[in-house]
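Asker: Handing you this structure, nothing more for now.
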Amino acid sequence: MTNPAEYIKGIHHLTVSVGSAQDDIDFVTQVLGMRMIKQTVLFDGSASIYHLYYANADAEVGSVWTTFPFKKAGVYGRKGSGQIETSSFSVPTDSLKFWVNHLKNHGVENSGIIERFGQKMISFEDRSGIGMAVVGVDNDHRNAWQTDEISKENGIRGIFGATIRTRDIIEMDAYMTKMLNFKKVGQDGNFHRYHIKEGGAMKTIELHHVPDMEQGSWTFGVGIPHHIAFATEKDEHNLELKAYIEGFGYTDVTELKDRNYFHSIYNRTPSGVLFEYATSDIGFAIDEPADLLGHQLLLPPIFESRRSEIVKPLEPIQLPKYLNK
Ligand SMILES: [Fe+2]
């Protein structure tokens with residue numbers, strides 16, 4: 001029998017809470033230059049909150065970045081440990097000079113080109129304070145989205161990885177290495193790097209050990225990252241993975257949740273960061289054509305009868321030009 005940890009293929013998506021929906025759309029589509037692929041709403045709780053999805057040109061699992069804009073609802077959180085510190089995106093190393101200028105042109109303060117684990121990167125924040133980086137990767141041949149300002153050659157290929165701020169390193173290390181079979185591959189100062197399978201883009205997680213930093217919010221709230229989702233293939237694998245994780249004593253793995261575009265289980269890790277395990281066999285073209293992804297607000301069938309009540313409190317938004325068809 002396959003060890004259920006082997007069903008984890010890499011990162012599926014990263015999800016954060018941001019400020020205004022319009023600021024988010026403008027930042028992600030113009031500054032990051034990603035393709036907007038889905039407008040829907042948060043399925044949990046009762047507040048009307050957008051759930052916006054972005055990705056590379058092919059809307060692939062592993063390139064997906066999703067946001068919950070919480071400014072209009074007035075929900076804020078505290079930054080601290082137990083949170084994702086940096087969400088990082090894969091770009092060619094040669095493009096990093098372009099990115100320094102591009103970020104500067106958009107008024108985004110950035111670190112300039114720095115190195116971690118011998119890899120060149122630039123760190124910065126979005127308009128709501130979400131920590132981000134573009135990381136130089138030369139063997140990532142995924143298809144970047146192209147914009148007026150960002151060529152296909154310079155564009156984001158997809159997710160590179162995520163850095164987690166944790167007060168305690170030992171239990172989180174055990175969660176990832178002994179249970180999930182991630183491999184610890186190095187330490188650079190207070191950063192510890194782990195590979196999923198062979199590592200690289202979509203398959204890199206870092207722990208930033210911050211023993212003296214106070215715990216931050218686990219809730220939704222402007223500027224607070226929410227979770228890392230790892231890709232599995234299908235429901236059966238997720239159910240085996242759930243039983244496997246529970247067998248280690250982590251009995252708080254959720255039931256399989258229907259997220260319309262994938263099915264997911266969630267588990268709070270010892271670092272405080274929420275891990276999701278999401279299936280890859282459904283995809284984003286289930287409710288709109290693949291070439292028109294993101295062009296209208298879509299609700300899951302169970303919400304459709306309440307559409308007007310759900311849509312009314314949402315911030316009016318201006319979509320990127322290519323979606324105004
Ligand atoms: Fe998710």
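Residues in the structure tokens are numbered from 1 in each chain, the chains being A, B, ... in the order shown, and ligands are numbered from 1 in the order shown.
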List the neighbours of range 55-63 of chain A out to 8 Å using only C-alpha atoms; skip same-chain residues closer than 3 positions along the sequence, and give me the result as a list of chain:residue names.
Answerer: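 In the requested form, the answer reads A:Gly10, A:Ile11, A:His12, A:His13, A:Met34, A:Arg35, A:Met36, A:Ile37, A:Arg142, A:Asn143, A:Ala144, A:Trp145, A:Gln146, A:Ile156, A:Arg157, A:Gly158, A:Ile159, A:Met202, A:Ala231, A:Ser280, A:Gly283, A:Phe284.
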Asker: Find the residues near ligand 1. Use a cut-off of 12 Å, count only C-alpha atoms and all ligand atoms, and write them as a PDB file with C-alpha atoms, in the first residue's frame.
Answerer:
ATOM      1  CA  ILE A  11       1.704  23.107  -3.711  1.00  0.00           C
ATOM      2  CA  HIS A  12      -1.821  23.425  -5.185  1.00  0.00           C
ATOM      3  CA  HIS A  13      -2.500  27.072  -4.247  1.00  0.00           C
ATOM      4  CA  LEU A  14      -1.787  29.729  -1.627  1.00  0.00           C
ATOM      5  CA  THR A  15      -4.576  31.797  -0.061  1.00  0.00           C
ATOM      6  CA  VAL A  16      -4.448  35.126   1.792  1.00  0.00           C
ATOM      7  CA  SER A  17      -6.828  37.823   3.065  1.00  0.00           C
ATOM      8  CA  LEU A  42     -15.937  32.637   0.338  1.00  0.00           C
ATOM      9  CA  PHE A  43     -17.890  29.443   1.019  1.00  0.00           C
ATOM     10  CA  ASP A  44     -17.329  29.424   4.828  1.00  0.00           C
ATOM     11  CA  HIS A  51     -12.902  34.789  -3.383  1.00  0.00           C
ATOM     12  CA  LEU A  52     -10.669  35.819  -6.290  1.00  0.00           C
ATOM     13  CA  TYR A  53      -8.399  33.366  -8.084  1.00  0.00           C
ATOM     14  CA  VAL A  61      -2.672  23.637 -10.225  1.00  0.00           C
ATOM     15  CA  GLY A  62       0.518  24.899  -8.583  1.00  0.00           C
ATOM     16  CA  VAL A  64      -2.880  29.423  -8.252  1.00  0.00           C
ATOM     17  CA  TRP A  65      -2.977  32.441  -5.921  1.00  0.00           C
ATOM     18  CA  THR A  66      -6.290  33.194  -4.202  1.00  0.00           C
ATOM     19  CA  THR A  67      -7.483  36.136  -2.116  1.00  0.00           C
ATOM     20  CA  PHE A  68     -10.315  37.087   0.231  1.00  0.00           C
ATOM     21  CA  PRO A 225      -2.273  34.976   4.968  1.00  0.00           C
ATOM     22  CA  HIS A 226      -4.704  32.107   5.489  1.00  0.00           C
ATOM     23  CA  HIS A 227      -3.320  28.758   4.304  1.00  0.00           C
ATOM     24  CA  ILE A 228      -1.067  26.686   2.077  1.00  0.00           C
ATOM     25  CA  ALA A 229      -2.864  24.100  -0.061  1.00  0.00           C
ATOM     26  CA  PHE A 230      -0.990  21.023  -1.240  1.00  0.00           C
ATOM     27  CA  ALA A 231      -2.075  19.103  -4.310  1.00  0.00           C
ATOM     28  CA  LYS A 257     -15.076  19.939   1.829  1.00  0.00           C
ATOM     29  CA  ASP A 258     -16.498  20.677  -1.622  1.00  0.00           C
ATOM     30  CA  ARG A 259     -14.697  23.769  -2.951  1.00  0.00           C
ATOM     31  CA  ASN A 260     -16.365  23.412  -6.367  1.00  0.00           C
ATOM     32  CA  TYR A 261     -13.027  23.470  -8.269  1.00  0.00           C
ATOM     33  CA  PHE A 262     -11.401  20.909  -5.926  1.00  0.00           C
ATOM     34  CA  HIS A 263     -12.240  18.919  -2.793  1.00  0.00           C
ATOM     35  CA  SER A 264     -10.215  19.617   0.330  1.00  0.00           C
ATOM     36  CA  ILE A 265      -9.332  18.573   3.845  1.00  0.00           C
ATOM     37  CA  TYR A 266      -7.642  20.986   6.272  1.00  0.00           C
ATOM     38  CA  ASN A 267      -5.375  20.490   9.272  1.00  0.00           C
ATOM     39  CA  LEU A 274      -3.226  25.879   8.288  1.00  0.00           C
ATOM     40  CA  PHE A 275      -2.435  23.225   5.672  1.00  0.00           C
ATOM     41  CA  GLU A 276      -5.031  22.232   3.088  1.00  0.00           C
ATOM     42  CA  TYR A 277      -4.843  19.133   0.906  1.00  0.00           C
ATOM     43  CA  ALA A 278      -6.767  19.790  -2.323  1.00  0.00           C
ATOM     44  CA  THR A 279      -7.622  17.467  -5.217  1.00  0.00           C
TER      45      THR A 279
END
Asker: Identify, on the basis of only C-alpha atoms, every residue whose closest approach to Thr204 in chain A does not exceed 7 Å; exclude the query and any residue fewer than 4 positions from it along the same chain; express the result as number ranges by chain.
Answerer: A: 160-162, 194-196, 199-200
Asker: Give me a file of those residues, with N, CA and C atoms, as a PDB file, in the first residue's frame.
Answerer:
ATOM      1  N   PHE A 160       6.326  29.382  -6.377  1.00  0.00           N
ATOM      2  CA  PHE A 160       7.593  28.723  -6.041  1.00  0.00           C
ATOM      3  C   PHE A 160       7.441  27.990  -4.707  1.00  0.00           C
ATOM      4  N   GLY A 161       7.046  28.735  -3.667  1.00  0.00           N
ATOM      5  CA  GLY A 161       6.927  28.100  -2.355  1.00  0.00           C
ATOM      6  C   GLY A 161       6.354  29.052  -1.340  1.00  0.00           C
ATOM      7  N   ALA A 162       6.527  28.713  -0.074  1.00  0.00           N
ATOM      8  CA  ALA A 162       6.033  29.564   1.010  1.00  0.00           C
ATOM      9  C   ALA A 162       6.979  29.450   2.187  1.00  0.00           C
ATOM     10  N   TYR A 194      12.827  22.923   3.142  1.00  0.00           N
ATOM     11  CA  TYR A 194      12.310  21.559   2.956  1.00  0.00           C
ATOM     12  C   TYR A 194      11.866  21.367   1.512  1.00  0.00           C
ATOM     13  N   HIS A 195      12.096  20.189   1.002  1.00  0.00           N
ATOM     14  CA  HIS A 195      11.630  19.834  -0.337  1.00  0.00           C
ATOM     15  C   HIS A 195      10.500  18.825  -0.257  1.00  0.00           C
ATOM     16  N   ILE A 196       9.510  19.008  -1.115  1.00  0.00           N
ATOM     17  CA  ILE A 196       8.505  17.974  -1.360  1.00  0.00           C
ATOM     18  C   ILE A 196       9.051  17.209  -2.570  1.00  0.00           C
ATOM     19  N   GLY A 199      11.843  18.798  -4.871  1.00  0.00           N
ATOM     20  CA  GLY A 199      12.019  20.212  -4.558  1.00  0.00           C
ATOM     21  C   GLY A 199      11.894  21.099  -5.791  1.00  0.00           C
ATOM     22  N   GLY A 200      12.304  22.365  -5.655  1.00  0.00           N
ATOM     23  CA  GLY A 200      12.181  23.339  -6.740  1.00  0.00           C
ATOM     24  C   GLY A 200      10.822  24.021  -6.712  1.00  0.00           C
TER      25      GLY A 200
END
Asker: Name the residues of range 96-260 of chain A that fall into strand (DSSP E or B) according to DSSP on the backbone, using the chain letters and numbers of this document, as a ChimeraX atom specification.
Answerer: /A:110,114-116,119-125,131-136,158-166,183-188,191-195,204-209,215,222,225-232,257-258
Asker: Print the selection's residues with C-alpha atoms to a file, as a tab-separated table (two decimals), in the first residue's frame.
Answerer:
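Generated output (selection.tsv):
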chain	number	residue	atom	x	y	z
A	110	ASN	CA	11.40	45.99	-2.46
A	114	ILE	CA	19.03	39.30	-2.42
A	115	GLU	CA	20.07	35.67	-1.95
A	116	ARG	CA	18.76	32.90	0.28
A	119	GLN	CA	19.03	31.48	-4.84
A	120	LYS	CA	18.38	35.03	-6.04
A	121	MET	CA	15.08	36.64	-5.06
A	122	ILE	CA	13.30	39.96	-4.42
A	123	SER	CA	10.98	40.41	-1.47
A	124	PHE	CA	8.16	42.97	-1.20
A	125	GLU	CA	4.58	43.37	0.04
A	131	GLY	CA	4.70	39.27	2.26
A	132	MET	CA	5.67	38.19	-1.24
A	133	ALA	CA	8.78	37.33	-3.22
A	134	VAL	CA	9.76	36.55	-6.78
A	135	VAL	CA	12.41	33.83	-6.80
A	136	GLY	CA	14.82	33.11	-9.66
A	158	GLY	CA	3.53	29.88	-10.90
A	159	ILE	CA	4.02	29.37	-7.19
A	160	PHE	CA	7.59	28.72	-6.04
A	161	GLY	CA	6.93	28.10	-2.36
A	162	ALA	CA	6.03	29.56	1.01
A	163	THR	CA	7.92	30.60	4.12
A	164	ILE	CA	6.28	29.90	7.48
A	165	ARG	CA	7.08	31.87	10.64
A	166	THR	CA	7.16	29.49	13.56
A	183	LYS	CA	13.00	16.37	3.10
A	184	LYS	CA	15.00	18.90	5.12
A	185	VAL	CA	17.65	20.13	2.68
A	186	GLY	CA	19.40	23.00	4.44
A	187	GLN	CA	19.56	25.90	6.85
A	188	ASP	CA	20.46	29.52	6.04
A	191	PHE	CA	15.59	29.77	7.68
A	192	HIS	CA	15.16	26.00	7.26
A	193	ARG	CA	14.37	24.65	3.82
A	194	TYR	CA	12.31	21.56	2.96
A	195	HIS	CA	11.63	19.83	-0.34
A	204	THR	CA	9.66	24.19	-1.55
A	205	ILE	CA	8.62	25.13	1.98
A	206	GLU	CA	10.74	27.15	4.40
A	207	LEU	CA	10.42	27.56	8.14
A	208	HIS	CA	11.59	30.88	9.57
A	209	HIS	CA	12.37	30.23	13.22
A	215	GLN	CA	1.50	34.69	17.87
A	222	VAL	CA	-6.80	42.34	5.89
A	225	PRO	CA	-2.27	34.98	4.97
A	226	HIS	CA	-4.70	32.11	5.49
A	227	HIS	CA	-3.32	28.76	4.30
A	228	ILE	CA	-1.07	26.69	2.08
A	229	ALA	CA	-2.86	24.10	-0.06
A	230	PHE	CA	-0.99	21.02	-1.24
A	231	ALA	CA	-2.07	19.10	-4.31
A	232	THR	CA	-3.35	15.55	-4.20
A	257	LYS	CA	-15.08	19.94	1.83
A	258	ASP	CA	-16.50	20.68	-1.62
Asker: Can you list, as a list of chain:residue names, every protein, DNA or RNA residue that comes within 12 Å of Glu246 in chain A when you count only C-alpha atoms, leaving out same-chain residues fewer than 3 positions away?
Answerer: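 Returned residues: A:Pro4, A:Tyr175, A:Met179, A:Leu239, A:Glu240, A:Leu241, A:Lys242, A:Ala243, A:Gly249, A:Tyr250, A:Thr251, A:Asp252, A:Val253, A:Thr254, A:Glu255, A:Ile265, A:Tyr266, A:Asn267, A:Arg268.
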Asker: Could you name the residues that touch Gly33 in chain A at 7 Å or less, counting only C-alpha atoms, but leaving out those on the same chain fewer than 2 positions away, as number ranges by chain?
Answerer: A: 28-31, 35, 145-147, 150, 155
Asker: Just checking: using only C-alpha atoms, which residue out of A:Phe70, A:Tyr322, A:Phe98, A:Phe182 ends up closest to Leu292 in chain A?
Answerer: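 Result for the nearest residue to Leu292 in chain A: A:Tyr322.
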Asker: I need the residues in range 5-158 of chain A that are helix (DSSP H, G or I) according to DSSP; give them as a ChimeraX atom specification.
Answerer: /A:5-7,21-31,93-105
Asker: Export N, CA and C atoms of the chosen residues as a PDB file, in the first residue's frame?
Answerer:
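In the end it all went to part02.pdb:
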ATOM      1  N   ALA A   5       1.312   9.906   2.359  1.00  0.00           N
ATOM      2  CA  ALA A   5       2.115  11.128   2.199  1.00  0.00           C
ATOM      3  C   ALA A   5       2.610  11.263   0.759  1.00  0.00           C
ATOM      4  N   GLU A   6       2.771  10.128   0.077  1.00  0.00           N
ATOM      5  CA  GLU A   6       3.257  10.146  -1.310  1.00  0.00           C
ATOM      6  C   GLU A   6       2.222  10.739  -2.282  1.00  0.00           C
ATOM      7  N   TYR A   7       0.973  10.855  -1.842  1.00  0.00           N
ATOM      8  CA  TYR A   7      -0.048  11.455  -2.706  1.00  0.00           C
ATOM      9  C   TYR A   7       0.137  12.967  -2.860  1.00  0.00           C
ATOM     10  N   ALA A  21     -10.951  44.741  -2.829  1.00  0.00           N
ATOM     11  CA  ALA A  21     -10.954  43.829  -3.975  1.00  0.00           C
ATOM     12  C   ALA A  21     -10.306  44.502  -5.181  1.00  0.00           C
ATOM     13  N   GLN A  22     -10.616  45.790  -5.386  1.00  0.00           N
ATOM     14  CA  GLN A  22     -10.067  46.474  -6.568  1.00  0.00           C
ATOM     15  C   GLN A  22      -8.544  46.624  -6.462  1.00  0.00           C
ATOM     16  N   ASP A  23      -8.055  47.006  -5.268  1.00  0.00           N
ATOM     17  CA  ASP A  23      -6.596  47.096  -5.081  1.00  0.00           C
ATOM     18  C   ASP A  23      -5.948  45.751  -5.374  1.00  0.00           C
ATOM     19  N   ASP A  24      -6.624  44.690  -4.941  1.00  0.00           N
ATOM     20  CA  ASP A  24      -6.071  43.350  -5.128  1.00  0.00           C
ATOM     21  C   ASP A  24      -6.017  42.978  -6.609  1.00  0.00           C
ATOM     22  N   ILE A  25      -7.145  43.203  -7.300  1.00  0.00           N
ATOM     23  CA  ILE A  25      -7.183  42.885  -8.733  1.00  0.00           C
ATOM     24  C   ILE A  25      -6.095  43.672  -9.474  1.00  0.00           C
ATOM     25  N   ASP A  26      -5.991  44.969  -9.150  1.00  0.00           N
ATOM     26  CA  ASP A  26      -5.002  45.805  -9.838  1.00  0.00           C
ATOM     27  C   ASP A  26      -3.584  45.331  -9.532  1.00  0.00           C
ATOM     28  N   PHE A  27      -3.316  45.013  -8.263  1.00  0.00           N
ATOM     29  CA  PHE A  27      -1.959  44.606  -7.893  1.00  0.00           C
ATOM     30  C   PHE A  27      -1.596  43.262  -8.537  1.00  0.00           C
ATOM     31  N   VAL A  28      -2.487  42.293  -8.416  1.00  0.00           N
ATOM     32  CA  VAL A  28      -2.125  40.950  -8.886  1.00  0.00           C
ATOM     33  C   VAL A  28      -2.073  40.893 -10.418  1.00  0.00           C
ATOM     34  N   THR A  29      -2.987  41.607 -11.084  1.00  0.00           N
ATOM     35  CA  THR A  29      -2.980  41.519 -12.550  1.00  0.00           C
ATOM     36  C   THR A  29      -1.969  42.476 -13.188  1.00  0.00           C
ATOM     37  N   GLN A  30      -1.712  43.624 -12.552  1.00  0.00           N
ATOM     38  CA  GLN A  30      -0.796  44.595 -13.179  1.00  0.00           C
ATOM     39  C   GLN A  30       0.629  44.518 -12.633  1.00  0.00           C
ATOM     40  N   VAL A  31       0.757  44.392 -11.307  1.00  0.00           N
ATOM     41  CA  VAL A  31       2.114  44.366 -10.725  1.00  0.00           C
ATOM     42  C   VAL A  31       2.684  42.947 -10.809  1.00  0.00           C
ATOM     43  N   THR A  93      15.723  33.649 -13.420  1.00  0.00           N
ATOM     44  CA  THR A  93      16.728  34.456 -12.703  1.00  0.00           C
ATOM     45  C   THR A  93      17.089  35.714 -13.497  1.00  0.00           C
ATOM     46  N   ASP A  94      17.204  35.567 -14.818  1.00  0.00           N
ATOM     47  CA  ASP A  94      17.557  36.711 -15.680  1.00  0.00           C
ATOM     48  C   ASP A  94      16.539  37.840 -15.636  1.00  0.00           C
ATOM     49  N   SER A  95      15.319  37.538 -15.203  1.00  0.00           N
ATOM     50  CA  SER A  95      14.268  38.568 -15.221  1.00  0.00           C
ATOM     51  C   SER A  95      14.281  39.422 -13.952  1.00  0.00           C
ATOM     52  N   LEU A  96      15.118  39.063 -12.962  1.00  0.00           N
ATOM     53  CA  LEU A  96      15.020  39.750 -11.665  1.00  0.00           C
ATOM     54  C   LEU A  96      15.335  41.243 -11.767  1.00  0.00           C
ATOM     55  N   LYS A  97      16.267  41.630 -12.668  1.00  0.00           N
ATOM     56  CA  LYS A  97      16.564  43.065 -12.855  1.00  0.00           C
ATOM     57  C   LYS A  97      15.314  43.792 -13.347  1.00  0.00           C
ATOM     58  N   PHE A  98      14.622  43.153 -14.309  1.00  0.00           N
ATOM     59  CA  PHE A  98      13.356  43.726 -14.784  1.00  0.00           C
ATOM     60  C   PHE A  98      12.396  43.921 -13.605  1.00  0.00           C
ATOM     61  N   TRP A  99      12.291  42.891 -12.738  1.00  0.00           N
ATOM     62  CA  TRP A  99      11.323  42.945 -11.637  1.00  0.00           C
ATOM     63  C   TRP A  99      11.642  44.071 -10.644  1.00  0.00           C
ATOM     64  N   VAL A 100      12.921  44.318 -10.381  1.00  0.00           N
ATOM     65  CA  VAL A 100      13.282  45.412  -9.461  1.00  0.00           C
ATOM     66  C   VAL A 100      12.731  46.734 -10.012  1.00  0.00           C
ATOM     67  N   ASN A 101      12.937  46.977 -11.309  1.00  0.00           N
ATOM     68  CA  ASN A 101      12.465  48.223 -11.931  1.00  0.00           C
ATOM     69  C   ASN A 101      10.951  48.278 -12.019  1.00  0.00           C
ATOM     70  N   HIS A 102      10.356  47.138 -12.394  1.00  0.00           N
ATOM     71  CA  HIS A 102       8.902  47.064 -12.532  1.00  0.00           C
ATOM     72  C   HIS A 102       8.226  47.369 -11.193  1.00  0.00           C
ATOM     73  N   LEU A 103       8.742  46.774 -10.113  1.00  0.00           N
ATOM     74  CA  LEU A 103       8.156  47.028  -8.782  1.00  0.00           C
ATOM     75  C   LEU A 103       8.324  48.508  -8.420  1.00  0.00           C
ATOM     76  N   LYS A 104       9.511  49.045  -8.698  1.00  0.00           N
ATOM     77  CA  LYS A 104       9.786  50.453  -8.408  1.00  0.00           C
ATOM     78  C   LYS A 104       8.831  51.361  -9.195  1.00  0.00           C
ATOM     79  N   ASN A 105       8.627  51.038 -10.471  1.00  0.00           N
ATOM     80  CA  ASN A 105       7.717  51.844 -11.302  1.00  0.00           C
ATOM     81  C   ASN A 105       6.295  51.878 -10.758  1.00  0.00           C
TER      82      ASN A 105
END
Asker: Skipping near chain neighbours, those fewer than 2 positions away, what residues fall within 12 Å of Glu315 in chain A using only C-alpha atoms, listed as an MDAnalysis selection string?
Answerer: chainID A and resid 19:25 41 48:50 69:73 310:313 317:318
Asker: Taking only C-alpha atoms into account, name the residue in A:Phe89, A:Tyr76, A:Trp218, A:Tyr54 that is nearest to Ser128 in chain A.
Answerer: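 Among A:Phe89, A:Tyr76, A:Trp218, A:Tyr54, it is A:Tyr76 that comes nearest to Ser128 in chain A.
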Asker: To one decimal place in Å, what is the distance between CA of His295 in chain A and CA of Pro316 in chain A?
Answerer: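 Result for CA of His295 in chain A versus CA of Pro316 in chain A: 14.1 Å, one decimal.
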Asker: Name the closest residue to Ser271 in chain A among the candidates A:Gly294, A:Gly129, A:Gly80, A:Gly189; distances are taken between atoms, counting only C-alpha atoms.
Answerer: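 Under the stated criterion, the closest residue is A:Gly80.
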